Amino acid sequence: MIDVKNLVKRYGDLLALDHFNLHVNEGEIFGLLGPNGSGKTTAMNCILSLLKYDRGEISLFGRPMTPSNYESKRKIGVVMQNVAVFNELTVAENIDYFCGLYVTDKKRRKALTEEAMEFTTLTDYRKFLPKKLSGGLLRRLNIACGIAHKPELIFLDEPTVAVDPQSRNSILEGIRELNRQGATIVYTSHYMEEVEQLCTRIMIMDKGKEIATGTKEELTAMIRTGEKITVEVPALPDELCERISGIDGVLGVSYDNGQLLVGSRPSSHSLISILDLLRHENIGFGKVFSEPPTLNDVFLEITGKQLRD
Ligand SMILES: Nc1ncnc2c1ncn2[C@@H]1O[C@H](COP(=O)(O)OP(=O)(O)O)[C@@H](O)[C@H]1O
Ligand SMILES: [Mg+2]
């Protein structure tokens with residue numbers, strides 16, 4: 001569906017995309033995950049031929065993508081990061097307008113508009129002007145405008161920023177449904193949890209470059225940490241922290257605010273050794289948690305910084 005090779009995009013002196021590669025297969029929900037400023041929107045706009053770029057090759061549907069490739073453009077739906085609707089038009093009129101850029105048959109357009117409103121649960125608001133809608137409803141209108149014409153390939157750029165949890169869940173479920181109906185999805189976000197829940201494959205980006213790509217499981221298996229252990233310990237002597245660091249399989253130890261945090265290698269059984277040591281030294285402890293690493297841990301281990309701002 002999408003093939004991007006060695007894409008370079010500069011804004012003056014700033015290198016926004018640095019030999020960026022991307023390959024998306026038909027039927028995927030592909031996530032572009034990266035902190036603000038990592039180049040997600042720039043990549044999307046270059047792929048859509050909305051932005052000129054300095055170097056690289058982009059094909060969509062197996063054909064080179066150019067500004068005048070209307071055949072490909074007709075099969076694409078775009079939901080931009082900034083809500084872009086007409087303030088003078090109602091919900092239904094806005095959707096009908098955007099759908100009309102692709103579908104000229106009035107009857108078919110009416111049916112598609114109804115379907116898009118149902119899909120984004122906006123039917124009750126059909127006569128509302130955008131200024132009367134809450135942030136979450138406005139986002140849903142933005143999505144309805146981008147997908148009403150039933151595109152095969154849909155780009156959504158951070159569609160859940162600043163929406164309430166209910167709208168967020170409704171948006172994510174809607175995207176899954178579009179995918180079930182056959183659309184290939186490219187979804188950009190700086191929210192790790194969303195991308196983890198939604199996407200079949202994920203690219204982690206930083207500074208205009210691919211950091212790593214794979215399923216959530218593949219990505220978390222790329223790093224050394226296989227398990228994150230938390231033990232509630234009211235008091236812990238420094239000397240014991242050091243001994244825990246020395247346990248086989250332990251990669252890092254920190255103790256703060258009554259919480260002992262230990263990163264360890266996969267299947268190293270260090271949890272048992274840690275608890276044995278605490279018991280042996282008569283150190284009381286409360287709750288114990290063991291968690292697999294998250295995409296934030298992948299980002300942290302590869303780049304040395306947190307994905308969250
Ligand atoms: N029109 C522009 N002019 C100059 N710099 C820009 C422009 N758009 C984006 N940038 C810069 O390019 C980098 C990538 O931005 P962007 O693609 O918007 O990242 P993201 O979508 O991941 O937040 C950032 O450093 C941003 O400040
Ligand atoms: Mg962006």
# chains A, B, ... in the order shown; residues from 1 in each chain; ligands from 1
$ residues_around --residues "segment 279-290 of chain A" --least-positions-apart "2" --cutoff "6 Å" --atoms "only C-alpha atoms" --output "list in words"
Lys228, Ile229, Thr230, Val231, Glu232, Val233, Asp276 and Leu277 of chain A
$ residues_near_ligand --ligand "ligand 2" --cutoff "7 Å" --atoms "only C-alpha atoms and all ligand atoms" --output "PyMOL selection string"
chain A and resi 36-37+39-41+81+157-158
$ select_by_dssp --residues "segment 110-309 of chain A" --states "alpha helix (DSSP H)" --output "ChimeraX atom specification"
/A:110-119,135-147,165-180,192-198,216-221,238-245,270-280,295-303
$ closest_atom_pairs --of "chain A" --to "ligand 1" --cutoff "10 Å" --atoms "only C-alpha atoms and all ligand atoms" --output "tab-separated table"
residue	atom	partner	partner_atom_place_in_ligand_line	distance
A:Lys9	CA	ligand 1	12 (O)	8.9
A:Arg10	CA	ligand 1	12 (O)	8.0
A:Tyr11	CA	ligand 1	4 (C)	4.8
A:Gly12	CA	ligand 1	4 (C)	7.1
A:Asp13	CA	ligand 1	4 (C)	9.0
A:Leu14	CA	ligand 1	5 (N)	6.8
A:Leu15	CA	ligand 1	12 (O)	7.3
A:Ala16	CA	ligand 1	12 (O)	4.7
A:Leu17	CA	ligand 1	14 (C)	7.6
A:Leu32	CA	ligand 1	22 (O)	8.8
A:Leu33	CA	ligand 1	22 (O)	8.2
A:Gly34	CA	ligand 1	22 (O)	6.0
A:Pro35	CA	ligand 1	22 (O)	6.0
A:Asn36	CA	ligand 1	23 (O)	3.6
A:Gly37	CA	ligand 1	19 (O)	3.4
A:Ser38	CA	ligand 1	22 (O)	3.9
A:Gly39	CA	ligand 1	17 (O)	3.3
A:Lys40	CA	ligand 1	22 (O)	3.8
A:Thr41	CA	ligand 1	21 (O)	3.7
A:Thr42	CA	ligand 1	17 (O)	3.7
A:Ala43	CA	ligand 1	17 (O)	6.4
A:Met44	CA	ligand 1	17 (O)	8.1
A:Asn45	CA	ligand 1	17 (O)	8.4
A:Cys46	CA	ligand 1	17 (O)	9.8
A:Leu51	CA	ligand 1	1 (N)	9.4
A:Gln81	CA	ligand 1	21 (O)	8.3
A:Asp157	CA	ligand 1	21 (O)	7.9
A:Glu158	CA	ligand 1	21 (O)	8.4
A:Thr188	CA	ligand 1	21 (O)	8.0
A:Ser189	CA	ligand 1	22 (O)	8.1
A:His190	CA	ligand 1	22 (O)	7.8
A:Met205	CA	ligand 1	22 (O)	8.1
A:Asp206	CA	ligand 1	22 (O)	8.1
A:Lys207	CA	ligand 1	14 (C)	7.4
A:Gly208	CA	ligand 1	14 (C)	6.9
$ atom_distance --atom1 "atom CA of Ser245 of chain A" --atom2 "atom CA of Gly226 of chain A"
15.7 Å
$ residues_around --residues "Gly135 of chain A" --least-positions-apart "4" --cutoff "8 Å" --atoms "only C-alpha atoms" --output "list in words"
Arg139, Ala162, Val163 and Asp164 of chain A
$ write_last_selection --atoms "C-alpha atoms" --output "compact mmCIF listing (two decimals), in the first residue's frame"
# COMPACT_ATOMS: atom_id res chain seq x y z
CA ARG A 139 -12.90 15.61 16.32
CA ALA A 162 -7.59 16.82 23.62
CA VAL A 163 -10.70 14.63 23.53
CA ASP A 164 -12.55 13.15 26.50
